[in-house]
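Enquirer: Provided below: input.cif, containing mmCIF, C-alpha atoms.
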data_coords
loop_
_atom_site.label_atom_id
_atom_site.label_comp_id
_atom_site.auth_asym_id
_atom_site.auth_seq_id
_atom_site.Cartn_x
_atom_site.Cartn_y
_atom_site.Cartn_z
CA MET Q 1 96.17 132.04 59.91
CA ARG Q 2 97.33 133.08 63.32
CA ILE Q 3 96.49 130.69 66.15
CA GLU Q 4 95.35 131.97 69.52
CA CYS Q 5 97.32 131.93 72.78
CA LYS Q 6 94.87 129.51 74.35
CA HIS Q 7 95.42 127.08 71.51
CA VAL Q 8 99.17 127.25 72.12
CA TRP Q 9 98.73 126.59 75.86
CA GLU Q 10 96.71 123.45 75.11
CA HIS Q 11 99.70 121.97 73.34
CA ILE Q 12 102.53 123.22 75.55
CA SER Q 13 103.17 119.89 77.24
CA ALA Q 14 103.17 117.93 73.96
CA TYR Q 15 105.34 120.65 72.39
CA ILE Q 16 107.94 120.26 75.17
CA ASP Q 17 107.90 116.48 74.65
CA ASN Q 18 108.27 116.97 70.89
CA ASP Q 19 104.96 115.21 70.42
CA VAL Q 20 103.05 117.57 68.10
CA ASP Q 21 102.77 117.08 64.36
CA PRO Q 22 105.08 119.21 62.21
CA LYS Q 23 102.30 121.45 60.86
CA LEU Q 24 101.07 122.38 64.34
CA ARG Q 25 104.64 122.78 65.54
CA ALA Q 26 105.33 125.28 62.75
CA GLU Q 27 102.16 127.22 63.66
CA ILE Q 28 103.16 127.31 67.32
CA ASP Q 29 106.70 128.40 66.41
CA ARG Q 30 105.31 131.23 64.29
CA HIS Q 31 103.08 132.31 67.15
CA LEU Q 32 105.94 132.19 69.64
CA GLU Q 33 108.08 134.47 67.49
CA THR Q 34 105.75 137.37 68.12
CA CYS Q 35 103.97 136.48 71.37
CA GLU Q 36 106.01 137.28 74.43
CA ILE Q 37 103.38 135.92 76.82
CA CYS Q 38 103.28 132.48 75.21
CA SER Q 39 107.03 132.23 74.93
CA ALA Q 40 107.29 133.08 78.64
CA VAL Q 41 104.66 130.45 79.45
CA LEU Q 42 106.57 127.92 77.37
CA ASP Q 43 109.91 128.81 78.98
CA SER Q 44 108.57 128.71 82.51
CA THR Q 45 106.76 125.40 81.94
CA ARG Q 46 109.89 123.90 80.43
CA ASN Q 47 111.94 125.21 83.35
CA VAL Q 48 109.54 123.61 85.82
CA VAL Q 49 109.89 120.29 83.97
CA ILE Q 50 113.68 120.58 84.05
CA LEU Q 51 113.79 121.57 87.72
CA VAL Q 52 111.58 118.77 89.01
CA ALA Q 53 113.71 116.23 87.11
CA ASP Q 54 116.78 117.30 89.08
CA ASP Q 55 117.88 114.50 91.40
CA ARG Q 56 118.50 117.01 94.16
CA VAL Q 57 114.79 117.82 94.42
CA PHE Q 58 113.66 114.31 95.26
CA GLU Q 59 116.21 112.40 97.28
CA LEU Q 60 115.71 108.99 98.79
CA PRO Q 61 115.61 109.03 102.61
CA ALA Q 62 119.08 108.58 104.13
CA GLY Q 63 119.93 104.88 104.44
CA PHE Q 64 116.95 103.75 102.31
CA SER Q 65 119.04 101.67 99.95
CA GLU Q 66 121.12 100.06 102.71
CA ARG Q 67 118.00 99.04 104.65
CA LEU Q 68 116.35 97.71 101.49
CA HIS Q 69 119.31 95.54 100.56
CA ALA Q 70 119.70 94.31 104.15
CA ARG Q 71 116.06 93.20 103.97
CA ILE Q 72 116.73 91.46 100.66
CA ASP Q 73 119.70 89.66 102.23
CA THR Q 74 117.50 88.43 105.06
CA GLU Q 75 114.98 87.16 102.51
CA LEU Q 76 117.66 85.46 100.40
CA GLU Q 77 118.99 83.66 103.46
CA GLU Q 78 115.61 82.60 104.80
CA GLN Q 79 113.74 81.55 101.71
CA SER Q 80 114.42 79.01 99.05
CA GLY Q 81 113.44 81.78 96.63
CA PRO Q 82 111.39 81.71 93.47
CA HIS Q 83 110.85 78.39 91.75
CA LEU Q 84 113.86 77.24 89.86
CA GLN Q 85 113.55 77.26 86.12
CA THR Q 86 113.39 73.87 84.50
CA MET L 87 119.25 106.87 85.40
CA THR L 88 121.00 103.89 83.90
CA LEU L 89 119.05 100.74 83.45
CA PRO L 90 120.71 97.48 82.59
CA GLY L 91 120.10 96.61 78.97
CA LEU L 92 117.15 94.38 78.30
CA GLU L 93 119.36 91.43 77.44
CA LEU L 94 121.43 91.87 80.57
CA GLU L 95 118.23 92.15 82.58
CA ALA L 96 116.88 88.91 81.11
CA GLU L 97 120.23 87.27 81.77
CA TYR L 98 120.19 88.39 85.42
CA ILE L 99 116.64 87.14 85.91
CA ARG L 100 117.57 83.77 84.41
CA ARG L 101 120.62 83.50 86.66
CA VAL L 102 118.75 84.50 89.83
CA LEU L 103 116.15 81.85 89.03
CA ALA L 104 118.93 79.35 88.39
CA GLY L 105 120.27 79.90 91.89
CA GLU L 106 122.59 82.94 91.79
CA LYS L 107 120.29 84.69 94.22
CA HIS L 108 122.73 87.48 95.14
CA LEU L 109 122.32 88.94 91.61
CA PHE L 110 118.85 90.05 92.64
CA HIS L 111 120.50 93.02 94.37
CA ASP L 112 121.85 94.30 91.03
CA LEU L 113 118.61 93.57 89.24
CA ILE L 114 116.47 95.65 91.60
CA ARG L 115 118.92 98.51 92.19
CA PRO L 116 117.96 100.55 89.07
CA CYS L 117 114.28 100.36 90.11
CA GLU L 118 114.68 101.51 93.72
CA ARG L 119 114.11 105.21 93.23
CA SER L 120 111.02 104.72 91.06
CA ILE L 121 109.51 102.23 93.51
CA TYR L 122 110.01 104.57 96.44
CA PHE L 123 108.71 107.72 94.76
CA LEU L 124 105.70 105.99 93.24
CA LEU L 125 104.82 104.74 96.74
CA PHE L 126 105.57 108.07 98.34
CA SER L 127 103.21 109.66 95.81
CA LEU L 128 100.47 107.23 96.81
CA LEU L 129 101.03 107.14 100.56
CA LYS L 130 102.44 110.62 101.20
CA ASN L 131 104.44 109.29 104.11
CA GLU L 132 108.13 108.40 104.14
CA THR L 133 107.92 105.57 106.66
CA GLU L 134 104.95 103.90 104.95
CA ALA L 135 106.54 104.34 101.51
CA GLU L 136 109.79 102.74 102.67
CA ASP L 137 107.98 99.88 104.38
CA VAL L 138 105.85 99.11 101.32
CA ALA L 139 108.92 99.48 99.07
CA GLN L 140 110.56 96.68 101.04
CA GLU L 141 107.41 94.55 100.82
CA THR L 142 107.30 95.19 97.08
CA VAL L 143 110.88 94.12 96.51
CA ILE L 144 110.38 90.90 98.48
CA LYS L 145 107.24 90.20 96.48
CA VAL L 146 109.13 90.82 93.24
CA TYR L 147 111.77 88.31 94.36
CA GLN L 148 109.22 85.69 95.34
CA ASN L 149 107.35 86.07 92.06
CA LEU L 150 110.30 86.50 89.75
CA ASP L 151 109.51 83.27 87.95
CA LYS L 152 106.17 84.79 86.91
CA PHE L 153 107.78 87.66 84.99
CA ARG L 154 107.12 86.89 81.34
CA GLY L 155 109.22 89.58 79.73
CA ASP L 156 106.30 91.03 77.77
CA SER L 157 106.85 94.40 79.47
CA GLN L 158 109.98 96.03 80.79
CA PHE L 159 111.11 94.63 84.13
CA ARG L 160 110.78 98.04 85.80
CA THR L 161 107.21 98.41 84.49
CA TRP L 162 106.31 95.05 85.98
CA VAL L 163 108.00 95.96 89.27
CA LEU L 164 106.16 99.29 89.42
CA SER L 165 102.78 97.68 88.82
CA ILE L 166 103.51 95.40 91.79
CA ALA L 167 104.54 98.46 93.83
CA ARG L 168 101.33 100.22 92.86
CA ASN L 169 99.19 97.24 93.90
CA GLU L 170 101.04 96.93 97.19
CA GLY L 171 100.64 100.66 97.79
CA LEU L 172 96.91 100.57 97.05
CA GLY L 173 96.59 97.57 99.36
CA ARG L 174 98.31 99.52 102.14
CA LEU L 175 96.03 102.50 101.55
CA ARG L 176 92.95 100.32 101.90
CA LYS L 177 94.41 98.76 105.02
CA ILE L 178 95.06 102.05 106.74
CA GLY L 179 91.73 103.38 105.43
CA ASN L 180 93.41 106.55 104.38
CA ARG L 181 92.44 106.92 100.80
CA ARG L 182 92.47 110.64 100.42
CA GLU L 183 89.53 112.61 99.18
CA ASP L 184 91.59 114.44 96.61
CA SER L 185 92.42 111.26 94.74
CA LEU L 186 88.81 110.11 94.74
CA ASP L 187 87.65 113.47 93.47
CA ALA L 188 90.30 113.64 90.83
CA GLU L 189 89.58 110.20 89.48
CA THR L 190 86.03 111.12 88.68
CA ASP L 191 86.99 114.56 87.51
CA GLU L 192 89.13 114.24 84.41
CA GLN L 193 87.63 117.35 82.89
CA GLY L 194 87.54 119.79 85.75
CA GLY L 195 90.08 122.28 86.99
CA ASP L 196 91.64 125.46 85.77
CA PHE L 197 94.66 124.80 83.60
CA THR L 198 95.28 128.36 82.49
CA PRO L 199 98.98 129.12 82.85
CA ALA L 200 100.37 131.85 85.08
CA ILE L 201 101.13 134.81 82.87
CA LEU L 202 104.51 136.25 83.57
CA THR L 203 107.27 137.60 81.46
CA SER L 204 110.11 138.08 83.89
CA TRP L 205 111.26 134.56 84.69
CA ARG L 206 113.02 132.67 81.95
CA GLU L 207 116.33 131.52 83.31
CA ILE L 208 116.63 128.01 84.72
CA PRO L 209 117.84 128.65 88.24
CA ALA L 210 119.68 125.30 88.37
CA ASP L 211 122.32 126.72 90.70
CA ALA L 212 119.53 127.79 93.00
CA LEU L 213 118.83 124.11 93.63
CA GLN L 214 121.79 124.22 96.00
CA GLN L 215 119.40 126.13 98.20
CA LYS L 216 117.27 123.80 100.28
CA GLU L 217 114.40 126.26 100.11
CA LEU L 218 113.89 125.80 96.36
CA GLY L 219 113.83 122.00 96.63
CA ALA L 220 111.22 122.32 99.36
CA ILE L 221 109.05 124.60 97.21
CA LEU L 222 109.18 122.12 94.32
CA ARG L 223 108.39 119.13 96.52
CA LYS L 224 105.51 120.91 98.17
CA ALA L 225 103.98 121.89 94.82
CA ILE L 226 104.15 118.30 93.59
CA GLU L 227 102.79 116.89 96.83
CA ARG L 228 99.82 119.24 96.54
CA LEU L 229 98.80 117.86 93.14
CA PRO L 230 95.83 115.47 93.12
CA GLU L 231 97.14 111.91 93.18
CA ILE L 232 96.31 111.00 89.56
CA TYR L 233 98.43 113.93 88.39
CA ARG L 234 101.17 113.45 90.96
CA ASN L 235 101.74 109.81 89.88
CA VAL L 236 102.16 110.80 86.27
CA VAL L 237 104.57 113.65 87.07
CA LEU L 238 106.61 111.39 89.33
CA LEU L 239 107.06 108.67 86.76
CA ARG L 240 107.28 110.80 83.64
CA ASP L 241 109.10 113.96 84.74
CA ILE L 242 110.94 112.91 87.88
CA GLU L 243 111.86 109.34 87.01
CA GLU L 244 111.95 110.24 83.30
CA MET L 245 110.05 107.21 82.08
CA ASP L 246 108.51 107.39 78.61
CA ILE L 247 104.77 107.76 77.98
CA ARG L 248 104.32 104.08 77.22
CA GLU L 249 106.11 102.85 80.32
CA THR L 250 104.28 105.35 82.51
CA ALA L 251 100.94 104.18 81.10
CA ALA L 252 101.82 100.52 81.68
CA ALA L 253 103.04 101.10 85.25
CA LEU L 254 99.90 103.03 86.21
CA GLY L 255 97.49 100.82 84.28
CA ILE L 256 96.05 103.73 82.25
CA SER L 257 96.04 104.60 78.55
CA GLU L 258 98.80 106.60 76.88
CA THR L 259 96.22 109.28 76.06
CA SER L 260 95.37 109.60 79.76
CA VAL L 261 99.07 109.93 80.58
CA LYS L 262 99.39 112.79 78.07
CA VAL L 263 96.25 114.57 79.28
CA ARG L 264 97.19 114.24 82.94
CA LEU L 265 100.76 115.24 82.29
CA HIS L 266 99.65 118.35 80.46
CA ARG L 267 97.35 119.35 83.31
CA ALA L 268 99.90 118.53 85.97
CA ARG L 269 102.55 120.63 84.27
CA ALA L 270 100.08 123.48 83.83
CA MET L 271 99.18 123.32 87.54
CA LEU L 272 102.85 123.24 88.48
CA GLN L 273 103.67 126.15 86.20
CA ARG L 274 100.82 128.10 87.75
CA SER L 275 101.86 127.48 91.31
CA LEU L 276 105.62 127.50 90.80
CA ALA L 277 106.44 130.12 88.20
CA PRO L 278 105.56 133.11 90.39
CA GLN L 279 107.56 131.65 93.30
CA LEU L 280 110.54 130.51 91.25
CA LYS L 281 110.87 133.95 89.76
CA GLU L 282 112.49 134.93 93.05
CA PHE L 283 115.31 132.48 92.39
CA ALA L 284 116.14 133.76 88.91
CA PRO L 285 119.50 135.53 88.59
CA LYS L 286 119.06 139.10 89.76
CA ARG L 287 120.89 140.72 86.88
CA LYS L 288 118.12 139.45 84.63
CA ARG L 289 115.69 141.69 86.40
CA TRP L 290 118.01 144.66 86.41
CA PHE L 291 118.89 144.55 82.76
CA GLY L 292 116.13 142.51 81.25
CA GLY L 293 113.78 145.44 81.25
CA ARG L 294 110.84 143.25 82.17
CA VAL L 295 109.33 143.26 85.60
#
Will you turn the file into C-alpha cells for me?
Expert:
Amino acid sequence: MRIECKHVWEHISAYIDNDVDPKLRAEIDRHLETCEICSAVLDSTRNVVILVADDRVFELPAGFSERLHARIDTELEEQSGPHLQT
Amino acid sequence: MTLPGLELEAEYIRRVLAGEKHLFHDLIRPCERSIYFLLFSLLKNETEAEDVAQETVIKVYQNLDKFRGDSQFRTWVLSIARNEGLGRLRKIGNRREDSLDAETDEQGGDFTPAILTSWREIPADALQQKELGAILRKAIERLPEIYRNVVLLRDIEEMDIRETAAALGISETSVKVRLHRARAMLQRSLAPQLKEFAPKRKRWFGGRV
C-alpha cells in the first residue's frame, strides 16, 4: 500500500537520523522513488541539517577561549579548589 | 568535535582533584563550544552568554568533587550551564514570551515543509559567504527556545539524543519531537532562501525551476 506524502513528512527527521524501523524505512524509500516532492523535501531538510552543523556557521566570539582560560587561571590561583579526594 | 575518552576524562578529574589543578584546562576545553552555544540559545546575547559561560566553568571547577560519573562529564557540565543560564534569565527578568508560549504549546504550530523541487545541492562552498552563515544563524535564533536548544545541542554540537535529553532535562521522546519540528521549521524558512545559493548550473540544466 502506498503511503501518503504527509506520512513521509512526519518521519523525515527520524529517517535522516536513521531512527525508523526497517519496515517503515522500506515504505518511505518506495514512496521516495516516485515522489519528487517528498524527495526534494527530504534533500532540503537533510541539507539544512548538514549546513547548520558546519563550524563556520556558529563561531565562538573572538578571544572567548583565551578569556575563559584566563578566568580559570585566576580561579586556580585564588582558590584552594574542590575538596581533595581521600 | 573530539572528546577525551571516558577513561581519560575520569583520569583527568581524579588528577585535578588530587591537586594537578592545571589539568582542568584540558578537561573543560572540549565542552567550551557547547557551553557557550547552549547559553547563547537561552540568553540570546553574546556578552551575557560569555559571562555566564565563565561562571559555569568556575562552578564546575568548584563542584568537581560532586561529579559522580553516572552521566557523561559534558552532560553534567551542560546541566550546570543550563541552570546558571536560567538563573541569569530570572535575574535580568528577561524570560522571553516565545519560550513561555512554546513550553505550553507542544502540539501547536505548522510543521508542513516548504514544497520546492529546485534546490538539492548542498551549497557547502557557499558557506564561505558571510551572508549564508547570517541567514542560517538568524533562522535558528528565530526558533522558539525549546526548539532552538534541541537544534543547538543535537544538530550544531552533534550530541546524541540521549545526551541532549540529559543536558536539557527532558525525555528522549521530547527531544525527537522537538527536533523534528525544529528541522521542519528550519526547512520551511531556509529552503526557499538557500535555493539562491545552489550552484547556478543546476538551475540551467536541471530543468526544474
Enquirer: Given the file shown, determine the residues that the PyMOL selection byres ((chain Q and resi 69) around 12) selects; report them as a list in words.
Expert: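 Residues picked by the PyMOL selection byres ((chain Q and resi 69) around 12): Gly63, Phe64, Ser65, Glu66, Arg67, Leu68, Ala70, Arg71, Ile72, Asp73, Thr74, Glu75 and Leu76 of chain Q; His108, Leu109, Phe110, His111, Asp112, Leu113, Ile114, Arg115, Glu118, Ala139, Gln140, Glu141, Val143 and Ile144 of chain L.
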Enquirer: Between CA of Glu132 (chain L) and CA of Ala270 (chain L), what distance in Å does the model show, to one decimal?
Expert: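 Computed distance, CA of Glu132 (chain L) to CA of Ala270 (chain L), equals 26.5 Å.
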Enquirer: One decimal, in Å: what's the spacing between CA of Thr198 (chain L) and CA of Ala251 (chain L)?
Expert: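 Those two atoms sit 24.9 Å apart.
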Enquirer: Which is closer to chain L than all the others in Q:Val20, Q:Cys38, Q:Arg46, Q:Ser13, using only C-alpha atoms?
Expert: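 The shortest atom-to-atom distance to chain L comes from Q:Ser13.
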Enquirer: Where's the centre, and what are the edge lengths in Å to one decimal, of a box along x, y and z enclosing all listed atoms of region 48-55 of chain Q padded 4 Å per side, as AutoDock Vina command-line options?
Expert:
--center_x 113.7 --center_y 119.1 --center_z 87.7 --size_x 16.3 --size_y 17.1 --size_z 15.4
Enquirer: Just need the residues of chain Q within 9 Å of chain L, counting all atoms listed in the file, so spit them out as a JSON list (two decimals) with C-alpha atoms, in the coordinates of the input.
Expert:
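The result, stored in out00.json:
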[["chain", "number", "residue", "atom", "x", "y", "z"],
["Q", 6, "LYS", "CA", 94.87, 129.51, 74.35],
["Q", 9, "TRP", "CA", 98.73, 126.59, 75.86],
["Q", 10, "GLU", "CA", 96.71, 123.45, 75.11],
["Q", 11, "HIS", "CA", 99.70, 121.97, 73.34],
["Q", 12, "ILE", "CA", 102.53, 123.22, 75.55],
["Q", 13, "SER", "CA", 103.17, 119.89, 77.24],
["Q", 14, "ALA", "CA", 103.17, 117.93, 73.96],
["Q", 36, "GLU", "CA", 106.01, 137.28, 74.43],
["Q", 37, "ILE", "CA", 103.38, 135.92, 76.82],
["Q", 38, "CYS", "CA", 103.28, 132.48, 75.21],
["Q", 39, "SER", "CA", 107.03, 132.23, 74.93],
["Q", 40, "ALA", "CA", 107.29, 133.08, 78.64],
["Q", 41, "VAL", "CA", 104.66, 130.45, 79.45],
["Q", 43, "ASP", "CA", 109.91, 128.81, 78.98],
["Q", 44, "SER", "CA", 108.57, 128.71, 82.51],
["Q", 45, "THR", "CA", 106.76, 125.40, 81.94],
["Q", 46, "ARG", "CA", 109.89, 123.90, 80.43],
["Q", 47, "ASN", "CA", 111.94, 125.21, 83.35],
["Q", 48, "VAL", "CA", 109.54, 123.61, 85.82],
["Q", 49, "VAL", "CA", 109.89, 120.29, 83.97],
["Q", 50, "ILE", "CA", 113.68, 120.58, 84.05],
["Q", 51, "LEU", "CA", 113.79, 121.57, 87.72],
["Q", 52, "VAL", "CA", 111.58, 118.77, 89.01],
["Q", 53, "ALA", "CA", 113.71, 116.23, 87.11],
["Q", 54, "ASP", "CA", 116.78, 117.30, 89.08],
["Q", 55, "ASP", "CA", 117.88, 114.50, 91.40],
["Q", 56, "ARG", "CA", 118.50, 117.01, 94.16],
["Q", 57, "VAL", "CA", 114.79, 117.82, 94.42],
["Q", 58, "PHE", "CA", 113.66, 114.31, 95.26],
["Q", 59, "GLU", "CA", 116.21, 112.40, 97.28],
["Q", 60, "LEU", "CA", 115.71, 108.99, 98.79],
["Q", 61, "PRO", "CA", 115.61, 109.03, 102.61],
["Q", 64, "PHE", "CA", 116.95, 103.75, 102.31],
["Q", 65, "SER", "CA", 119.04, 101.67, 99.95],
["Q", 67, "ARG", "CA", 118.00, 99.04, 104.65],
["Q", 68, "LEU", "CA", 116.35, 97.71, 101.49],
["Q", 69, "HIS", "CA", 119.31, 95.54, 100.56],
["Q", 71, "ARG", "CA", 116.06, 93.20, 103.97],
["Q", 72, "ILE", "CA", 116.73, 91.46, 100.66],
["Q", 73, "ASP", "CA", 119.70, 89.66, 102.23],
["Q", 75, "GLU", "CA", 114.98, 87.16, 102.51],
["Q", 76, "LEU", "CA", 117.66, 85.46, 100.40],
["Q", 79, "GLN", "CA", 113.74, 81.55, 101.71],
["Q", 81, "GLY", "CA", 113.44, 81.78, 96.63],
["Q", 82, "PRO", "CA", 111.39, 81.71, 93.47],
["Q", 83, "HIS", "CA", 110.85, 78.39, 91.75],
["Q", 84, "LEU", "CA", 113.86, 77.24, 89.86],
["Q", 85, "GLN", "CA", 113.55, 77.26, 86.12],
["Q", 86, "THR", "CA", 113.39, 73.87, 84.50]]
Enquirer: Have a look at CA of Phe153 (chain L) and CA of Ser127 (chain L) and let me know their distance in Å, one decimal.
Expert: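 Answer for the CA of Phe153 (chain L) to CA of Ser127 (chain L) separation: 24.9 Å.
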